[in-house]
>>> print(open('entry14.cif').read())   # mmCIF, C-alpha atoms
data_data
loop_
_atom_site.label_atom_id
_atom_site.label_comp_id
_atom_site.auth_asym_id
_atom_site.auth_seq_id
_atom_site.Cartn_x
_atom_site.Cartn_y
_atom_site.Cartn_z
CA MET N 1372 103.72 114.36 74.34
CA GLY N 1373 103.20 117.26 72.00
CA SER N 1374 106.23 119.38 73.01
CA LYS N 1375 109.94 118.82 73.01
CA PRO N 1376 111.26 118.37 76.57
CA ASP N 1377 113.74 121.24 76.21
CA ALA N 1378 110.91 123.58 75.22
CA LEU N 1379 108.90 122.84 78.36
CA PRO N 1380 109.29 124.80 81.60
CA ALA N 1381 111.36 122.86 84.13
CA SER N 1382 108.37 122.54 86.47
CA TRP N 1383 106.37 120.74 83.74
CA ARG N 1384 108.94 118.11 82.80
CA PRO N 1385 108.18 115.71 85.69
CA PHE N 1386 104.70 115.22 84.18
CA ARG N 1387 105.76 114.54 80.58
CA ARG N 1388 105.53 110.93 79.45
CA THR N 1389 108.92 109.71 78.25
CA ASP N 1390 108.05 106.23 76.96
CA ALA N 1391 107.61 105.15 73.34
CA HIS N 1392 103.90 106.04 73.50
CA GLY N 1393 104.27 109.60 74.70
CA GLY N 1394 100.61 109.70 75.68
CA ARG N 1395 99.37 108.04 72.48
CA TRP N 1396 97.59 104.70 72.19
CA TRP N 1397 100.21 103.31 69.82
CA PRO N 1398 104.01 103.67 69.94
CA SER N 1399 105.33 105.73 67.04
CA ASP N 1400 109.01 104.73 66.97
CA ALA N 1401 108.90 101.25 65.44
CA TRP N 1402 106.34 99.03 63.74
CA GLN N 1403 107.62 96.08 65.80
CA LEU N 1404 106.33 97.74 68.96
CA CYS N 1405 102.94 98.27 67.34
CA VAL N 1406 102.77 94.59 66.44
CA GLN N 1407 103.72 93.62 69.99
CA GLN N 1408 101.00 95.84 71.40
CA ALA N 1409 98.39 94.55 68.97
CA VAL N 1410 99.18 90.99 70.03
CA GLY N 1411 99.06 92.02 73.67
CA MET N 1412 95.70 93.78 73.32
CA ALA N 1413 94.17 90.83 71.48
CA VAL N 1414 95.68 87.94 73.42
CA TRP N 1415 96.93 89.03 76.85
CA ALA N 1416 94.83 91.99 77.94
CA PRO N 1417 91.41 90.27 78.14
CA TRP N 1418 92.36 87.33 80.34
CA ARG N 1419 94.80 89.33 82.44
CA ALA N 1420 92.14 91.95 83.16
CA CYS N 1421 89.65 89.24 84.07
CA LEU N 1422 92.11 87.60 86.44
CA ALA N 1423 92.91 90.93 88.09
CA LEU N 1424 89.20 91.63 88.62
CA LEU N 1425 88.67 88.11 89.96
CA GLY N 1426 91.52 88.48 92.45
CA THR N 1427 90.18 91.84 93.61
CA LEU N 1428 86.63 90.53 93.99
CA CYS N 1429 87.77 87.49 95.99
CA PHE N 1430 89.76 89.60 98.45
CA ALA N 1431 86.94 92.15 98.72
CA ALA N 1432 84.55 89.29 99.59
CA ILE N 1433 86.95 88.09 102.29
CA CYS N 1434 87.14 91.60 103.73
CA ALA N 1435 83.35 91.96 103.69
CA ALA N 1436 82.95 88.65 105.53
CA THR N 1437 85.56 89.28 108.21
CA ILE N 1438 85.81 93.03 108.81
CA PRO N 1439 82.91 94.74 110.65
CA PRO N 1440 81.03 97.29 108.52
CA PRO N 1441 81.03 101.01 109.41
CA GLY N 1442 79.04 101.74 112.56
CA SER N 1443 79.22 98.17 113.81
CA THR N 1444 80.09 97.50 117.46
CA ARG N 1445 82.05 94.39 116.50
CA VAL N 1446 85.84 94.55 116.44
CA ALA N 1447 88.02 92.24 114.36
CA ASN N 1448 90.31 90.23 116.63
CA LEU N 1449 94.06 89.91 116.15
CA GLY N 1450 93.81 86.46 114.55
CA THR N 1451 91.37 87.72 111.94
CA LYS N 1452 93.56 90.71 111.16
CA LYS N 1453 96.59 88.44 110.68
CA VAL N 1454 94.70 86.23 108.25
CA VAL N 1455 93.35 89.23 106.31
CA ALA N 1456 96.84 90.79 106.13
CA ARG N 1457 98.35 87.54 104.86
CA LEU N 1458 95.64 87.09 102.24
CA GLY N 1459 95.92 90.78 101.33
CA ARG N 1460 99.62 90.47 100.58
CA ALA N 1461 98.99 87.35 98.48
CA SER N 1462 96.11 89.02 96.59
CA ALA N 1463 98.22 92.09 95.85
CA ARG N 1464 101.02 89.88 94.51
CA PHE N 1465 98.55 88.07 92.29
CA VAL N 1466 97.01 91.27 90.89
CA LEU N 1467 100.48 92.73 90.30
CA TRP N 1468 101.38 89.58 88.37
CA THR N 1469 98.35 90.02 86.12
CA MET N 1470 99.49 93.61 85.51
CA GLY N 1471 102.93 92.41 84.48
CA VAL N 1472 104.80 93.42 87.64
CA VAL N 1473 106.50 90.08 88.16
CA ARG N 1474 109.42 91.11 90.37
CA ILE N 1475 109.65 93.20 93.53
CA HIS N 1476 113.26 93.82 94.51
CA VAL N 1477 113.63 95.30 98.01
CA THR N 1478 116.86 96.98 99.11
CA ASP N 1479 117.41 98.25 102.65
CA VAL N 1480 119.60 101.33 102.19
CA PRO N 1481 122.14 101.93 105.01
CA TRP N 1482 122.09 105.23 106.83
CA ASP N 1483 124.57 107.84 105.55
CA ASP N 1484 126.23 109.33 108.60
CA GLY N 1485 128.16 111.76 106.40
CA ARG N 1486 125.15 113.98 105.79
CA ASP N 1487 124.71 116.78 108.30
CA ASP N 1488 121.02 117.45 107.86
CA GLY N 1489 119.77 117.35 111.44
CA LEU N 1490 118.25 113.87 111.13
CA MET N 1491 119.04 110.76 113.15
CA PRO N 1492 118.23 107.12 112.34
CA TRP N 1493 116.28 104.75 114.53
CA LYS N 1494 118.41 101.92 115.92
CA PRO N 1495 116.90 98.79 117.52
CA SER N 1496 117.86 98.08 121.11
CA ARG N 1497 117.28 94.33 120.81
CA ALA N 1498 117.17 91.65 118.15
CA ASN N 1499 114.06 91.64 115.94
CA GLU N 1500 112.69 94.73 117.65
CA PRO N 1501 109.88 96.24 115.54
CA SER N 1502 110.26 99.85 114.57
CA PRO N 1503 108.16 102.46 116.42
CA CYS N 1504 107.79 104.24 113.07
CA ALA N 1505 104.09 104.59 112.25
CA LEU N 1506 104.49 106.68 109.08
CA TRP N 1507 106.14 105.76 105.79
CA VAL N 1508 106.73 108.43 103.12
CA SER N 1509 106.82 107.23 99.51
CA ASN N 1510 107.12 108.77 96.07
CA HIS N 1511 104.09 108.37 93.82
CA VAL N 1512 104.22 107.12 90.22
CA SER N 1513 101.03 105.16 89.65
CA PHE N 1514 98.05 103.51 91.35
CA VAL N 1515 100.22 100.39 91.06
CA ASP N 1516 102.23 101.85 93.98
CA VAL N 1517 99.40 100.94 96.35
CA LEU N 1518 99.54 97.29 95.30
CA VAL N 1519 103.32 97.20 95.67
CA HIS N 1520 103.09 98.45 99.26
CA MET N 1521 100.24 96.02 99.95
CA ALA N 1522 102.29 93.12 98.62
CA MET N 1523 105.24 94.00 100.85
CA HIS N 1524 103.71 94.75 104.24
CA PHE N 1525 99.95 95.44 103.92
CA PRO N 1526 100.01 98.95 105.44
CA SER N 1527 97.34 101.57 105.91
CA PHE N 1528 96.98 104.57 103.62
CA VAL N 1529 95.63 108.08 103.89
CA SER N 1530 92.51 108.09 101.71
CA ARG N 1531 89.67 110.39 100.84
CA GLU N 1532 86.65 110.04 103.09
CA GLU N 1533 84.54 108.92 100.12
CA THR N 1534 86.83 105.90 99.56
CA GLY N 1535 85.49 104.21 102.69
CA ARG N 1536 81.99 104.31 101.21
CA THR N 1537 82.95 103.15 97.71
CA PRO N 1538 81.68 99.67 96.80
CA LEU N 1539 84.39 97.01 96.58
CA VAL N 1540 87.26 99.37 97.37
CA GLY N 1541 85.72 100.64 100.62
CA GLY N 1542 85.74 97.23 102.28
CA ILE N 1543 89.39 96.69 101.38
CA ALA N 1544 90.30 100.16 102.67
CA ARG N 1545 88.58 99.44 105.99
CA ALA N 1546 90.36 96.08 106.23
CA MET N 1547 93.64 97.96 105.85
CA ASP N 1548 92.60 100.35 108.63
CA CYS N 1549 93.08 103.36 106.35
CA VAL N 1550 92.98 106.92 107.68
CA PHE N 1551 90.03 108.66 106.02
CA VAL N 1552 90.26 112.43 105.62
CA ARG N 1553 88.26 115.13 103.91
CA ARG N 1554 90.08 116.69 100.97
CA GLU N 1555 89.15 120.31 101.32
CA LYS N 1556 90.76 123.57 102.25
CA ASP N 1557 91.33 123.95 105.97
CA SER N 1558 91.37 127.60 106.98
CA MET N 1559 93.59 126.73 109.93
CA VAL N 1560 96.42 125.35 107.81
CA GLY N 1561 96.05 127.01 104.42
CA SER N 1562 95.34 125.69 100.98
CA ASP N 1563 98.88 124.41 100.39
CA GLU N 1564 98.56 121.65 102.99
CA SER N 1565 97.51 118.07 102.29
CA GLY N 1566 94.29 116.57 103.55
CA ILE N 1567 96.44 114.53 105.88
CA VAL N 1568 96.52 117.53 108.20
CA ARG N 1569 92.87 116.91 108.99
CA GLY N 1570 93.79 113.40 110.10
CA SER N 1571 96.88 114.42 112.05
CA GLU N 1572 95.29 113.61 115.39
CA GLU N 1573 94.56 110.05 114.27
CA LEU N 1574 98.12 109.65 112.98
CA ALA N 1575 99.51 110.94 116.27
CA ARG N 1576 97.29 108.51 118.18
CA ARG N 1577 98.52 105.58 116.12
CA ALA N 1578 102.14 106.65 116.52
CA ALA N 1579 101.77 106.84 120.29
CA LEU N 1580 100.03 103.45 120.41
CA ARG N 1581 102.69 101.81 118.26
CA ASP N 1582 105.46 103.32 120.38
CA ARG N 1583 103.82 101.92 123.53
CA LEU N 1584 103.45 98.45 121.99
CA VAL N 1585 107.12 98.42 120.99
CA LYS N 1586 108.19 99.42 124.50
CA ASP N 1587 105.94 96.72 125.97
CA GLN N 1588 107.51 94.19 123.55
CA ALA N 1589 104.06 93.24 122.26
CA SER N 1590 103.77 90.71 119.44
CA ASP N 1591 102.51 91.42 115.92
CA VAL N 1592 102.95 95.18 116.17
CA ASP N 1593 102.64 95.60 112.38
CA VAL N 1594 99.25 93.85 112.49
CA ARG N 1595 97.94 95.68 115.56
CA VAL N 1596 99.04 99.12 114.29
CA PRO N 1597 100.13 98.88 110.64
CA PRO N 1598 102.32 101.71 109.35
CA VAL N 1599 100.55 104.41 107.35
CA VAL N 1600 101.94 105.11 103.86
CA VAL N 1601 101.74 108.73 102.72
CA PHE N 1602 102.50 109.87 99.16
CA ALA N 1603 104.04 113.17 100.18
CA GLU N 1604 104.25 114.56 96.64
CA GLY N 1605 100.46 114.74 96.63
CA THR N 1606 100.11 113.57 93.03
CA THR N 1607 101.76 111.29 90.50
CA SER N 1608 104.68 112.09 88.18
CA ASN N 1609 106.59 110.26 85.46
CA GLY N 1610 108.74 108.67 88.18
CA GLU N 1611 111.98 110.30 87.07
CA GLN N 1612 112.10 113.07 89.70
CA LEU N 1613 110.96 113.79 93.24
CA LEU N 1614 108.36 116.55 93.39
CA THR N 1615 108.10 119.09 96.20
CA PHE N 1616 106.83 117.37 99.34
CA ARG N 1617 103.81 118.66 101.18
CA THR N 1618 104.42 119.09 104.87
CA GLY N 1619 101.33 117.43 106.35
CA ALA N 1620 103.15 114.16 107.04
CA PHE N 1621 105.96 115.96 108.85
CA LEU N 1622 103.96 118.01 111.34
CA SER N 1623 104.51 115.77 114.36
CA ASN N 1624 108.32 115.45 114.03
CA ARG N 1625 107.96 111.74 114.79
CA TRP N 1626 109.74 108.79 113.16
CA ILE N 1627 109.28 108.59 109.39
CA ARG N 1628 110.54 105.85 107.06
CA PRO N 1629 111.37 107.04 103.53
CA VAL N 1630 110.65 104.63 100.64
CA VAL N 1631 111.35 105.07 96.93
CA LEU N 1632 109.70 103.02 94.16
CA ARG N 1633 111.29 102.74 90.71
CA TYR N 1634 109.74 100.72 87.87
CA ARG N 1635 111.71 99.25 84.98
CA PRO N 1636 110.72 97.11 81.98
CA LEU N 1637 111.97 93.52 81.82
CA TRP N 1638 110.66 92.26 78.47
CA TRP N 1639 108.19 93.30 75.80
CA ALA N 1640 107.28 96.52 77.63
CA SER N 1641 107.32 99.80 75.74
CA PHE N 1642 104.78 101.49 78.02
CA SER N 1643 105.66 103.32 81.25
CA LEU N 1644 103.57 102.40 84.29
CA ALA N 1645 103.49 106.06 85.34
CA TRP N 1646 99.87 107.20 85.56
CA GLU N 1647 100.57 110.55 84.04
CA SER N 1648 98.87 112.66 81.36
CA ILE N 1649 96.60 109.86 80.11
CA SER N 1650 93.17 108.58 81.11
CA ALA N 1651 92.61 105.67 83.46
CA LEU N 1652 91.11 103.60 80.64
CA GLN N 1653 94.12 104.12 78.38
CA HIS N 1654 96.52 103.33 81.21
CA VAL N 1655 94.76 100.09 82.15
CA VAL N 1656 94.41 98.82 78.57
CA LEU N 1657 98.03 99.54 77.67
CA MET N 1658 99.32 98.13 80.96
CA PHE N 1659 97.53 94.80 80.48
CA SER N 1660 98.85 94.66 76.89
CA GLN N 1661 102.52 94.81 77.88
CA GLY N 1662 105.06 92.20 78.93
CA GLY N 1663 106.90 92.16 82.26
CA TYR N 1664 108.07 94.81 84.71
CA ALA N 1665 110.15 94.92 87.88
CA VAL N 1666 109.91 97.41 90.71
CA ASP N 1667 112.90 98.36 92.82
CA VAL N 1668 111.93 99.32 96.37
CA LEU N 1669 114.51 101.33 98.29
CA ARG N 1670 113.78 101.43 102.03
CA MET N 1671 115.74 103.80 104.24
CA PRO N 1672 115.95 103.50 108.03
CA PRO N 1673 113.30 105.35 110.03
CA CYS N 1674 114.49 108.84 110.86
CA ALA N 1675 113.49 111.86 112.91
CA PRO N 1676 114.97 115.24 113.84
CA LYS N 1677 117.80 115.01 116.34
CA PRO N 1678 116.91 115.97 119.92
CA GLY N 1679 117.44 119.66 120.48
CA THR N 1680 117.33 120.39 116.75
CA SER N 1681 114.97 123.17 115.74
CA MET N 1682 113.39 121.81 112.58
CA ASP N 1683 110.03 122.92 111.24
CA PRO N 1684 107.90 120.57 109.07
CA ALA N 1685 109.12 122.17 105.83
CA ALA N 1686 112.78 121.67 106.78
CA PHE N 1687 112.03 118.11 107.91
CA SER N 1688 110.38 117.31 104.57
CA ARG N 1689 113.28 118.81 102.60
CA ALA N 1690 115.85 116.79 104.56
CA VAL N 1691 113.93 113.54 104.03
CA ARG N 1692 113.46 114.26 100.32
CA ALA N 1693 117.17 115.00 99.93
CA ARG N 1694 118.05 111.63 101.46
CA MET N 1695 115.56 109.87 99.19
CA SER N 1696 117.13 111.62 96.22
CA ALA N 1697 120.68 110.69 97.23
CA SER N 1698 119.72 107.03 97.75
CA SER N 1699 117.69 106.62 94.54
CA GLY N 1700 119.42 108.95 92.11
CA LEU N 1701 116.13 110.75 91.42
CA PRO N 1702 116.72 114.53 91.31
CA CYS N 1703 114.64 116.88 93.44
CA VAL N 1704 112.60 119.36 91.41
CA SER N 1705 110.47 122.34 92.40
CA ALA N 1706 107.21 121.13 90.90
CA THR N 1707 103.78 120.80 92.48
CA PHE N 1708 100.22 119.81 91.66
CA ALA N 1709 99.62 123.35 90.35
CA ASP N 1710 102.37 122.83 87.75
CA LYS N 1711 100.74 119.55 86.76
CA ARG N 1712 97.42 121.28 86.18
CA ALA N 1713 99.16 123.95 84.10
CA TYR N 1714 100.88 121.29 81.97
CA HIS N 1715 97.61 119.45 81.41
CA ALA N 1716 95.95 122.71 80.41
CA HIS N 1717 98.80 123.22 77.93
CA LEU N 1718 98.08 119.78 76.47
CA ALA N 1719 94.33 120.54 76.46
CA ILE N 1720 93.67 117.50 78.66
CA PRO N 1721 90.20 117.82 80.23
CA SER N 1722 90.07 117.90 84.01
CA ALA N 1723 89.33 114.36 85.15
CA SER N 1724 89.65 112.15 88.17
CA HIS N 1725 93.22 111.18 87.37
CA VAL N 1726 94.20 114.86 87.26
CA LYS N 1727 92.93 115.58 90.75
CA ARG N 1728 95.05 115.47 93.85
CA ASP N 1729 95.70 112.02 95.31
#
>>> encode(input="entry14.cif", output="structure tokens")
Amino acid sequence: MGSKPDALPASWRPFRRTDAHGGRWWPSDAWQLCVQQAVGMAVWAPWRACLALLGTLCFAAICAATIPPPGSTRVANLGTKKVVARLGRASARFVLWTMGVVRIHVTDVPWDDGRDDGLMPWKPSRANEPSPCALWVSNHVSFVDVLVHMAMHFPSFVSREETGRTPLVGGIARAMDCVFVRREKDSMVGSDESGIVRGSEELARRAALRDRLVKDQASDVDVRVPPVVVFAEGTTSNGEQLLTFRTGAFLSNRWIRPVVLRYRPLWWASFSLAWESISALQHVVLMFSQGGYAVDVLRMPPCAPKPGTSMDPAAFSRAVRARMSASSGLPCVSATFADKRAYHAHLAIPSASHVKRD
């Protein structure tokens, strides 16, 4: 988009769009792609967008009717949570289908014992034992990532405090038992830390509760204490590299499950789903105008530092990122949100909501 990739600093390249559009509304490589997009915008986009909105509204109404509002003394029982989780997974699948994501291919990656990085995998002690891991670390490509995780296991997320008060989305976030944090500088941890640090006590509480439920062999552990998904990169990229991880998710040295998402076109799709260097409106319109996509989900075993190993959060994050890179083939790059802002300033993109930290 605007500059040749070789002319860009290495720290900017993870934010450059590499699809046929390159940040433009229309692909410039072939007239056939323009015709395909014109047909998609005229025929597919309107009804697909309406179906996506309808699916979201229906699930939001279910959440509003079953999940107690903020400040209420009522507590949703386990049966209600199971129904909401089941309907949430189905709703996410439906909305993904309207967006063109028609396949989710999950691969459980075996643990590589040949790497000497100070990490150890979690191993179940009995058949069908749920994992005590309360924290999943994922790469971040697009807002579509949230729906993919919802469709797989309906987890919690770390969200801005304002999300819980947002109409429509707030009720869904509360139904998912999200961890709400304030995104602001914390003088105790420094400006380079994620807002997750401010919710570290809540994450530690959930991890301890989940560990106790697993030891007590309780049923429906994933419904009682759903895992929390953290996008450790702190912002989106073009999906072709792994950015530098922030260390907030690694402060407790507890079990963490690494997950990598990779999107690929299946048919009639010239647009990358990466939410990078374009506006939300442009992304949504072009996404609904495309054909079909698949997402490959690579799940690694839960891991933690070995007992007796002296590993600070930064070292823990680097070791996890290195394993994610080795399993997915995505290279690790030294790029951060500050590099993204610099690249957007180079492109003269105005500061907007999609440019802010996630």
>>> closest_residue(input="entry14.cif", among="N:Met1658, N:Ala1685, N:Val1585, N:Ala1461", to="N:Phe1642", atoms="all atoms listed in the file")
N:Met1658
>>> resolve_selection(input="entry14.cif", expression="the PyMOL selection byres ((chain N and resi 1675) around 12)", output="ChimeraX atom specification")
/N:1488-1494,1503-1507,1621-1629,1672-1674,1676-1684,1686-1688,1690-1691
>>> closest_residue(input="entry14.cif", among="N:Ile1433, N:Tyr1664, N:Ser1648, N:Phe1525", to="N:Ala1716", atoms="all atoms listed in the file")
N:Ser1648
>>> closest_residue(input="entry14.cif", among="N:Ser1513, N:Gln1612, N:Ser1650, N:Ser1462", to="N:Leu1422", atoms="all atoms listed in the file")
N:Ser1462
>>> resolve_selection(input="entry14.cif", expression="the PyMOL selection byres ((chain N and resi 1593-1601) around 6)", output="number ranges by chain")
N: 1505-1508, 1526-1528, 1591-1592, 1602-1603
>>> closest_residue(input="entry14.cif", among="N:Gly1394, N:Gly1662, N:Gly1619, N:Pro1481", to="N:Val1414", atoms="all atoms listed in the file")
N:Gly1662
>>> residues_near_point(input="entry14.cif", point="(82.6, 107.7, 101.1)", cutoff="12 Å", atoms="only C-alpha atoms", output="list in words")
Pro1441, Ser1530, Arg1531, Glu1532, Glu1533, Thr1534, Gly1535, Arg1536, Thr1537, Pro1538, Leu1539, Val1540, Gly1541, Gly1542, Ala1544, Arg1545, Phe1551, Val1552, Arg1553 and Arg1554 of chain N
>>> write_last_selection(input="entry14.cif", atoms="C-alpha atoms", output="compact mmCIF listing (two decimals), keeping the file's coordinate frame")
# COMPACT_ATOMS: atom_id res chain seq x y z
CA PRO N 1441 81.03 101.01 109.41
CA SER N 1530 92.51 108.09 101.71
CA ARG N 1531 89.67 110.39 100.84
CA GLU N 1532 86.65 110.04 103.09
CA GLU N 1533 84.54 108.92 100.12
CA THR N 1534 86.83 105.90 99.56
CA GLY N 1535 85.49 104.21 102.69
CA ARG N 1536 81.99 104.31 101.21
CA THR N 1537 82.95 103.15 97.71
CA PRO N 1538 81.68 99.67 96.80
CA LEU N 1539 84.39 97.01 96.58
CA VAL N 1540 87.26 99.37 97.37
CA GLY N 1541 85.72 100.64 100.62
CA GLY N 1542 85.74 97.23 102.28
CA ALA N 1544 90.30 100.16 102.67
CA ARG N 1545 88.58 99.44 105.99
CA PHE N 1551 90.03 108.66 106.02
CA VAL N 1552 90.26 112.43 105.62
CA ARG N 1553 88.26 115.13 103.91
CA ARG N 1554 90.08 116.69 100.97
>>> resolve_selection(input="entry14.cif", expression="the PyMOL selection byres ((chain N and resi 1404) around 12)", output="ChimeraX atom specification")
/N:1390-1392,1396-1403,1405-1411,1638-1642,1660-1662
>>> atom_distance(input="entry14.cif", atom1="atom CA of N:Trp1646", atom2="atom CA of N:Glu1573")
29.3 Å
>>> atom_distance(input="entry14.cif", atom1="atom CA of N:Leu1449", atom2="atom CA of N:Cys1549")
16.7 Å
>>> atom_distance(input="entry14.cif", atom1="atom CA of N:Phe1708", atom2="atom CA of N:Gly1605")
7.1 Å
>>> closest_residue(input="entry14.cif", among="N:Leu1424, N:Ala1378, N:Ala1435, N:Val1519", to="N:Val1472", atoms="all atoms listed in the file")
N:Val1519
>>> closest_residue(input="entry14.cif", among="N:Asn1448, N:Gln1588, N:Asn1510, N:Thr1427", to="N:Ala1498", atoms="only C-alpha atoms")
N:Gln1588
>>> residues_around(input="entry14.cif", residues="N:Asn1609", least_positions_apart="3", cutoff="6 Å", atoms="all atoms listed in the file", output="MDAnalysis selection string")
chainID N and resid 1385:1386 1645
